[in-house]
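Engineer: start-v6.cif is reproduced in full below (mmCIF, C-alpha atoms).
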data_my_file
#
loop_
_atom_site.label_atom_id
_atom_site.label_comp_id
_atom_site.auth_asym_id
_atom_site.auth_seq_id
_atom_site.Cartn_x
_atom_site.Cartn_y
_atom_site.Cartn_z
CA MET A 1 124.24 -69.82 108.60
CA LYS A 2 125.70 -66.75 106.86
CA LYS A 3 127.06 -65.42 110.18
CA ASN A 4 128.71 -68.76 110.94
CA ILE A 5 130.46 -68.76 107.57
CA GLN A 6 131.70 -65.18 108.12
CA ALA A 7 132.98 -66.10 111.59
CA ALA A 8 134.81 -69.12 110.20
CA LEU A 9 136.42 -67.00 107.50
CA LEU A 10 137.52 -64.42 110.07
CA VAL A 11 139.15 -67.11 112.23
CA SER A 12 140.92 -68.49 109.16
CA LEU A 13 142.28 -65.05 108.24
CA LEU A 14 143.55 -64.42 111.76
CA THR A 15 145.23 -67.82 111.83
CA LEU A 16 146.99 -67.19 108.52
CA ALA A 17 148.11 -63.73 109.63
CA THR A 18 149.68 -64.95 112.85
CA ALA A 19 151.13 -68.24 111.62
CA PRO A 20 154.44 -66.85 110.25
CA GLU A 21 155.01 -64.77 113.39
CA ALA A 22 154.26 -67.74 115.60
CA LEU A 23 156.62 -69.90 113.56
CA TYR A 24 159.37 -67.30 113.91
CA ALA A 25 158.80 -66.94 117.67
CA GLN A 26 158.75 -70.70 118.22
CA ASN A 27 161.83 -71.49 116.14
CA THR A 28 164.17 -68.64 117.16
CA PRO A 29 164.63 -69.73 120.82
CA SER A 30 165.13 -73.35 119.83
CA ILE A 31 167.78 -72.40 117.30
CA LEU A 32 169.60 -70.27 119.87
CA ASN A 33 169.31 -72.82 122.66
CA SER A 34 170.77 -75.49 120.43
CA ILE A 35 174.18 -73.85 120.68
CA GLY A 36 174.23 -72.11 124.08
CA GLN A 37 175.09 -68.66 125.41
CA ASP A 38 178.75 -69.50 126.13
CA LYS A 39 179.51 -70.52 122.57
CA ILE A 40 177.67 -67.49 121.20
CA ALA A 41 179.72 -65.22 123.50
CA GLU A 42 182.91 -66.96 122.36
CA ALA A 43 182.00 -66.32 118.71
CA LEU A 44 181.24 -62.65 119.40
CA LYS A 45 184.65 -62.25 121.03
CA GLU A 46 186.24 -64.02 118.08
CA ALA A 47 184.54 -61.56 115.72
CA LEU A 48 185.87 -58.61 117.75
CA ASN A 49 189.36 -60.09 117.87
CA LYS A 50 189.25 -60.63 114.13
CA GLY A 51 188.37 -56.98 113.74
CA ILE A 52 191.59 -56.09 115.52
CA THR A 53 193.82 -58.48 113.60
CA GLN A 54 192.27 -57.80 110.19
CA LYS A 55 191.24 -54.16 110.31
CA VAL A 56 192.73 -52.31 113.28
CA SER A 57 196.25 -53.52 112.55
CA ALA A 58 196.00 -51.66 109.22
CA LEU A 59 195.65 -48.41 111.18
CA THR A 60 199.17 -48.84 112.57
CA LEU A 61 200.72 -48.55 109.10
CA LYS A 62 201.87 -45.25 107.65
CA ASP A 63 198.77 -43.36 106.47
CA GLY A 64 196.58 -45.93 108.24
CA PHE A 65 194.55 -43.03 109.63
CA TYR A 66 195.68 -40.21 107.35
CA LYS A 67 194.55 -41.79 104.06
CA ASN A 68 191.56 -43.71 105.40
CA GLU A 69 188.55 -41.45 105.00
CA MET A 70 186.52 -43.60 107.41
CA VAL A 71 188.79 -42.71 110.35
CA LYS A 72 190.97 -39.78 109.29
CA ILE A 73 191.34 -37.32 112.15
CA LEU A 74 190.30 -33.82 111.15
CA LEU A 75 190.70 -30.69 113.20
CA PRO A 76 188.44 -30.14 116.22
CA GLN A 77 185.73 -27.54 115.75
CA GLN A 78 187.44 -24.91 117.88
CA VAL A 79 190.66 -25.16 115.88
CA GLN A 80 189.16 -25.07 112.38
CA LYS A 81 189.21 -21.27 112.31
CA ILE A 82 192.97 -21.41 112.92
CA ASP A 83 193.38 -23.74 109.95
CA GLN A 84 191.36 -21.49 107.66
CA THR A 85 193.15 -18.34 108.83
CA LEU A 86 196.57 -19.87 108.21
CA ARG A 87 195.52 -20.97 104.71
CA ASN A 88 194.11 -17.53 103.93
CA MET A 89 197.50 -16.08 104.86
CA GLY A 90 199.42 -18.47 102.64
CA MET A 91 200.52 -20.86 105.39
CA GLU A 92 198.98 -24.01 103.86
CA SER A 93 202.04 -26.15 104.60
CA LEU A 94 201.84 -25.39 108.32
CA ALA A 95 198.09 -26.13 108.36
CA ASP A 96 198.58 -29.39 106.46
CA GLN A 97 201.38 -30.40 108.80
CA GLY A 98 199.11 -29.84 111.77
CA ILE A 99 196.52 -32.33 110.47
CA LEU A 100 199.17 -34.83 109.39
CA VAL A 101 200.85 -35.07 112.80
CA LEU A 102 197.54 -35.71 114.57
CA ASN A 103 197.00 -38.74 112.34
CA ARG A 104 200.61 -39.84 112.71
CA ALA A 105 200.18 -39.73 116.47
CA ALA A 106 197.09 -41.96 116.20
CA GLU A 107 198.90 -44.42 113.93
CA THR A 108 201.82 -44.65 116.36
CA ALA A 109 199.56 -44.95 119.39
CA VAL A 110 197.42 -47.77 117.99
CA LYS A 111 200.52 -49.99 117.79
CA GLN A 112 200.78 -49.75 121.57
CA ALA A 113 197.02 -49.70 122.09
CA ILE A 114 196.17 -53.00 120.35
CA PRO A 115 197.02 -55.10 123.46
CA ILE A 116 194.76 -52.80 125.51
CA PHE A 117 191.82 -53.53 123.21
CA VAL A 118 192.60 -57.25 123.12
CA GLU A 119 192.52 -57.38 126.93
CA ALA A 120 189.27 -55.45 126.98
CA ILE A 121 187.71 -58.05 124.67
CA LYS A 122 188.99 -60.90 126.82
CA GLY A 123 187.49 -59.37 129.93
CA ILE A 124 184.12 -58.45 128.50
CA SER A 125 181.11 -60.39 129.74
CA PHE A 126 178.23 -60.71 127.31
CA GLN A 127 175.16 -60.67 129.54
CA ASP A 128 172.79 -61.45 126.69
CA ALA A 129 174.92 -62.92 123.92
CA ALA A 130 171.97 -64.33 121.99
CA ASN A 131 170.26 -60.95 121.60
CA ILE A 132 173.56 -59.29 120.67
CA LEU A 133 174.09 -61.96 118.02
CA LEU A 134 170.75 -61.07 116.45
CA GLN A 135 171.57 -57.37 116.38
CA SER A 136 172.91 -56.09 113.10
CA PRO A 137 175.27 -55.03 111.70
CA ASN A 138 177.58 -54.27 114.65
CA GLY A 139 175.88 -55.30 117.88
CA ALA A 140 179.04 -56.81 119.41
CA THR A 141 181.12 -53.73 118.64
CA GLU A 142 178.51 -51.43 120.13
CA TYR A 143 178.38 -53.59 123.26
CA LEU A 144 182.19 -53.48 123.55
CA GLN A 145 182.18 -49.71 123.10
CA GLN A 146 179.45 -49.15 125.69
CA ASN A 147 181.08 -51.37 128.29
CA THR A 148 184.78 -50.54 127.90
CA SER A 149 185.11 -46.97 126.60
CA GLU A 150 185.66 -45.31 129.97
CA ALA A 151 188.41 -47.73 131.04
CA LEU A 152 189.98 -47.72 127.57
CA TYR A 153 190.08 -43.92 127.54
CA LEU A 154 192.03 -43.84 130.80
CA GLU A 155 194.53 -46.41 129.51
CA LEU A 156 194.89 -44.88 126.07
CA THR A 157 195.34 -41.22 127.10
CA PRO A 158 198.98 -41.52 128.25
CA VAL A 159 199.78 -43.56 125.15
CA ILE A 160 198.36 -40.80 122.94
CA GLN A 161 200.20 -38.12 124.90
CA GLU A 162 203.50 -39.94 124.44
CA SER A 163 202.73 -40.49 120.75
CA LEU A 164 202.02 -36.80 120.20
CA GLN A 165 205.44 -36.04 121.66
CA ASN A 166 207.19 -38.76 119.64
CA VAL A 167 205.92 -37.47 116.29
CA GLY A 168 206.58 -33.86 117.26
CA ALA A 169 202.91 -32.91 117.21
CA ASP A 170 203.18 -31.00 120.49
CA LYS A 171 205.91 -28.73 119.07
CA ILE A 172 204.15 -28.26 115.74
CA TRP A 173 200.89 -27.32 117.39
CA THR A 174 202.63 -25.01 119.87
CA ASN A 175 204.05 -23.25 116.80
CA ILE A 176 200.61 -23.17 115.14
CA PHE A 177 198.93 -21.73 118.23
CA ASN A 178 201.70 -19.17 118.74
CA THR A 179 201.60 -18.12 115.08
CA TYR A 180 197.83 -17.72 115.13
CA ASN A 181 197.64 -16.01 118.51
CA THR A 182 200.11 -13.30 117.46
CA LEU A 183 197.97 -12.31 114.47
CA PRO A 184 196.09 -9.02 114.84
CA LEU A 185 192.39 -9.05 115.73
CA VAL A 186 192.19 -12.73 116.69
CA THR A 187 191.04 -14.25 119.95
CA PRO A 188 193.85 -16.44 121.39
CA VAL A 189 193.06 -20.16 121.18
CA THR A 190 194.30 -23.20 123.06
CA THR A 191 192.85 -26.70 123.06
CA ASP A 192 193.53 -30.08 124.67
CA LEU A 193 194.78 -32.05 121.68
CA THR A 194 195.54 -35.13 123.81
CA GLN A 195 191.90 -35.53 124.78
CA TYR A 196 190.70 -34.91 121.24
CA VAL A 197 193.14 -37.32 119.55
CA THR A 198 192.43 -39.99 122.18
CA GLU A 199 188.70 -39.80 121.50
CA GLN A 200 189.21 -39.82 117.72
CA THR A 201 191.65 -42.73 117.88
CA MET A 202 189.23 -44.81 119.93
CA GLN A 203 186.43 -44.00 117.52
CA GLY A 204 188.64 -45.04 114.62
CA VAL A 205 189.44 -48.38 116.25
CA PHE A 206 185.78 -49.11 116.97
CA THR A 207 184.86 -48.13 113.41
CA MET A 208 187.26 -50.69 111.96
CA ILE A 209 186.16 -53.43 114.37
CA ALA A 210 182.56 -52.72 113.40
CA GLN A 211 183.46 -53.04 109.72
CA GLU A 212 184.90 -56.51 110.27
CA GLU A 213 181.88 -57.56 112.33
CA ALA A 214 179.58 -56.40 109.54
CA GLU A 215 181.55 -58.46 107.01
CA ILE A 216 181.25 -61.55 109.22
CA ARG A 217 177.51 -61.01 109.65
CA GLU A 218 177.06 -60.54 105.90
CA ASN A 219 179.14 -63.69 105.32
CA LEU A 220 181.46 -62.05 102.83
CA PRO A 221 184.06 -64.41 101.28
CA GLY A 222 186.66 -65.40 103.87
CA ALA A 223 185.06 -63.42 106.70
CA ARG A 224 183.92 -66.48 108.66
CA SER A 225 187.38 -67.94 108.75
CA ASN A 226 186.97 -70.61 111.41
CA SER A 227 184.44 -73.16 112.62
CA ILE A 228 182.98 -71.19 115.52
CA LEU A 229 182.26 -68.15 113.37
CA LYS A 230 180.63 -70.35 110.76
CA GLU A 231 178.55 -72.27 113.29
CA VAL A 232 177.30 -69.38 115.41
CA PHE A 233 176.70 -66.77 112.74
CA ALA A 234 174.81 -69.35 110.71
CA ILE A 235 172.20 -69.05 113.48
CA GLN A 236 171.86 -65.37 112.64
CA ASP A 237 171.36 -66.34 109.00
CA ASN A 238 168.65 -68.86 109.94
CA THR A 239 166.72 -66.42 112.11
CA GLU A 240 166.95 -63.77 109.41
CA ASN A 241 165.57 -66.27 106.91
CA LEU A 242 162.67 -67.04 109.24
CA SER A 243 162.01 -63.34 109.65
CA ASN A 244 162.18 -62.77 105.89
CA ASP A 245 159.82 -65.70 105.33
CA LYS A 246 157.41 -64.14 107.78
CA VAL A 247 157.48 -60.79 105.98
CA SER A 248 157.14 -62.48 102.58
CA THR A 249 154.17 -64.55 103.74
CA GLN A 250 152.47 -61.53 105.27
CA LYS A 251 152.86 -59.60 102.01
CA LYS A 252 151.31 -62.48 100.08
CA GLU A 253 148.41 -62.60 102.55
CA GLU A 254 147.87 -58.84 102.27
CA LYS A 255 147.79 -59.16 98.48
CA ASN A 256 145.33 -62.08 98.67
CA GLU A 257 143.15 -60.16 101.10
CA LYS A 258 143.03 -57.12 98.78
CA THR A 259 142.17 -59.39 95.85
CA SER A 260 139.37 -60.99 97.89
CA ILE A 261 137.94 -57.57 98.82
CA LEU A 262 137.97 -56.47 95.17
CA ARG A 263 136.23 -59.68 94.12
CA ASN A 264 133.53 -59.17 96.77
CA LEU A 265 133.00 -55.59 95.61
CA LEU A 266 132.70 -56.71 91.99
CA TYR A 267 130.33 -59.50 92.98
CA LYS A 268 128.09 -57.09 94.89
CA LYS A 269 128.17 -54.61 92.03
CA GLN A 270 127.18 -57.30 89.52
CA LYS A 271 124.44 -58.59 91.83
CA ASN A 272 122.98 -55.16 92.20
#
As structure tokens, what does this structure read like?

Structural biologist:
Amino acid sequence: MKKNIQAALLVSLLTLATAPEALYAQNTPSILNSIGQDKIAEALKEALNKGITQKVSALTLKDGFYKNEMVKILLPQQVQKIDQTLRNMGMESLADQGILVLNRAAETAVKQAIPIFVEAIKGISFQDAANILLQSPNGATEYLQQNTSEALYLELTPVIQESLQNVGADKIWTNIFNTYNTLPLVTPVTTDLTQYVTEQTMQGVFTMIAQEEAEIRENLPGARSNSILKEVFAIQDNTENLSNDKVSTQKKEEKNEKTSILRNLLYKKQKN
């Protein structure tokens, strides 16, 4: 009789432990299927587009890169010793100008690059939109970056090269390299600034798109500005709530189980 009671209790505990997880597993697919992959993909694209219109467009303004610590372009590793050497020799203005023009080139280039990113978003195919939706906080941005970076780099490089010329960065950096390379006891340095600024500009754009996606996912005021964003990202909220409920219930069960063990120990101690 005692063994039967113990077995029954064990079954009850296992059932309670797995119930929240089973509820989460059963409800998540039904919630996702209620709206469909196509609509989820459309909402993810809308979130990425909103990142461009709301956040990336700010990069095209004066100081959009230069005074934004999230994306400001600093000197590449191999050029940092030039910067420090110039400053040590009292040439701070030349060093500062070198950093400034790299950021100015990025700001100018992004104006021309925005249509390139918009087209990339239009052409992207979300193979598993539902799973990307449930990633957080920037699953869509990461997917865009992984699937378009190579093509975007090829399209953006000539834009950056032209921008570097337009802001005079090529001449300024030729002067910086020449000044540094004529100093005694230094190893001459050259670097491909076009490649570096292209990579940094792309990273800056993706950073700002990711910020907007995170705001939409967190449902900050005004972030879900149209019906499709509200409808689809509400699914993310619902699944997160189910997941949180599962964790909360499991914690309660763990607490109850510990309490039960303590009671049994006390009971045995008193009996003895």

Engineer: To verify the selection step, state as a PyMOL selection string which residues the PyMOL selection byres ((chain A and resi 63-80) around 7) yields on this input.

Structural biologist: chain A and resi 58-62+81-84+99-100+102-103+107+200+204

Engineer: Rounded to one decimal place, report the CA of Met89 in chain A-CA of Tyr196 in chain A distance in Å.

Structural biologist: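 According to the coordinates, CA of Met89 in chain A and CA of Tyr196 in chain A are separated by 25.9 Å.
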
Engineer: Calculate how many Å separate CA of Ser125 in chain A from CA of Ala234 in chain A, rounding to one decimal.

Structural biologist: 22.0 Å

Engineer: For this structure, which residues satisfy the selection - the PyMOL selection byres ((chain A and resi 197) around 9) - when it is evaluated on the file as given? I want them as a list in words.

Structural biologist: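 Taken over the shown coordinates, the PyMOL selection byres ((chain A and resi 197) around 9) returns Ile73, Leu102, Asn103, Ala105, Ala106, Thr157, Ile160, Gln161, Leu164, Asp192, Leu193, Thr194, Gln195, Tyr196, Thr198, Glu199, Gln200, Thr201 and Met202 of chain A.
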
Engineer: List the neighbours of Glu231 in chain A out to 10 Å using only C-alpha atoms; skip same-chain residues closer than 6 positions along the sequence, and give me the result as a PyMOL selection string.

Structural biologist: chain A and resi 35+39-40+43+224

Engineer: Can you pull out the residues contacting Leu144 in chain A? Cut-off 9 Å, using only C-alpha atoms, and skip same-chain residues under 6 positions away; I want them as JSON, numbers by chain.

Structural biologist: {"A": [48, 120, 121, 124, 206]}
